[in-house]
Structure formats: structure tokens, C-alpha cells
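Novice: Just passing along the structure, written as C-alpha cells.
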Amino acid sequence: MGIRTTLTGAAMAVLATAGPLTGVAHAEGDLDCADFRFQEDAQAVFDLDPTDADRLDEDQGRDDGIACEVLPRRGTEAVSVATPLPTLGVQGGSGGSVGPAGFERAVGVALALGGAGLAGAYVVRRRRATQPQTRLKGR
């Protein structure tokens with residue numbers, strides 16, 4: 001009986017700690033031009049990774065190795081510039097997930113509670129099956 005209690009407690013601890021971390025799983029470090037104020041900052045990040053995983057060189061036309069060309073440069077007057085349209089659709093940065101939706105969290109919580117309920121029902125059933133049944137005689 002001690003091992004069952006320990007395993008049930010461990011399962012409940014995993015459920016209690018994993019639930020709040022669902023938002024962390026979606027928090028990737030995907031950057032785009034809106035994350036930078038100046039072109040030089042975006043270019044420094046672009047130069048660190050030549051594969052351009054953050055798609056900072058997604059302006060209209062051919063990729064030319066210059067990140068976020070629409071951003072103002074340091075020392076120049078900040079001018080209102082239109083946001084460039086990505087050329088690769090979802091791969092170019094327009095779209096994608098920003099985290100779990102509300103219904104996804106609700107489904108996860110429902111599944112976790114359902115699993116915990118089934119585990120609890122199993123433990124109760126096993127305990128009742130192993131304990132002798134006492135019946136009232138004489139009634």
C-alpha cells in the first residue's frame with residue numbers, strides 16, 4: 001500500500017507542476033524586425049546566425065544579407081516606415097502560434113483531472129477488493 005500511495009503522490013506532483021508550464025513550451029526566441037529599434041541591432045543578431053533562422057532578411061526582393069532594411073539607422077532622423085511584407089508566408093514570419101489557446105488549456109486540464117480521477121477510482125477499487133467485506137448479520 002505504501003508504494004501505491006507514493007506513486008499516486010508522484011503522479012499528482014507531476015500533474016501539478018507540468019500544467020502551469022504549458023505556456024513556457026511555446027515561448028521560443030523567434031525574433032522579427034518589430035523587436036528592434038535600429039537596423040544595426042537587427043544586423044548584429046543576423047550576423048550571429050548566417051542561416052537566418054529568425055528571418056530578419058525577409059524584405060521584398062532577393063535576400064541581400066541586410067537585416068530589417070526598413071528600420072531607421074542610428075544617428076538618422078526616425079522616419080515613419082511601412083512594415084515590409086514577408087515573402088515566404090508563414091515561413092517568413094506572418095502567422096504561427098504565439099502560445100496555447102484557451103480551449104487547449106481547458107482540454108489539458110480536463111485530461112489531467114480525468115486521469116487523476118481514474119487513478120483515484122482504481123486505487124479505491126483495489127482497496128475495496130483487498131479488504132474483507134463485513135456484513136451486518138441479523139437484520
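Following the order of the C-alpha cells, chains are lettered A, B, ..., residues in each are numbered from 1, and ligands are numbered from 1.
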Can you list, as a PDB file with C-alpha atoms, in the first residue's frame, every protein, DNA or RNA residue that comes within 9 Å of Gln43 in chain A when you count only C-alpha atoms, leaving out same-chain residues fewer than 6 positions away?
Specialist:
```pdb
ATOM      1  CA  LEU A  56      15.400  39.062 -40.471  1.00  0.00           C
ATOM      2  CA  GLY A  65      22.294  39.941 -46.323  1.00  0.00           C
ATOM      3  CA  ILE A  66      20.981  43.205 -44.866  1.00  0.00           C
ATOM      4  CA  ALA A  67      18.608  42.668 -41.960  1.00  0.00           C
ATOM      5  CA  CYS A  68      15.497  44.792 -41.428  1.00  0.00           C
TER       6      CYS A  68
END
```
Novice: Given the choices A:Ala53, A:Ala101, A:Ala112, A:Leu71, which gets closest to Val14 in chain A if the distance is worked out from only C-alpha atoms?
Specialist: A:Ala112
Novice: With only C-alpha atoms as the basis for distance, which of A:Gln131, A:Val123, A:Phe46, A:Val70 is at the shortest distance from Ile3 in chain A?
Specialist: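 Among the listed residues, A:Val123 lies closest to Ile3 in chain A.
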Novice: When you count only C-alpha atoms, which of these residues is closest to Ala110 in chain A: A:Leu15, A:Ala34, A:Leu7, A:Ala42?
Specialist: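 Among the listed residues, the smallest separation from Ala110 in chain A belongs to A:Leu15.
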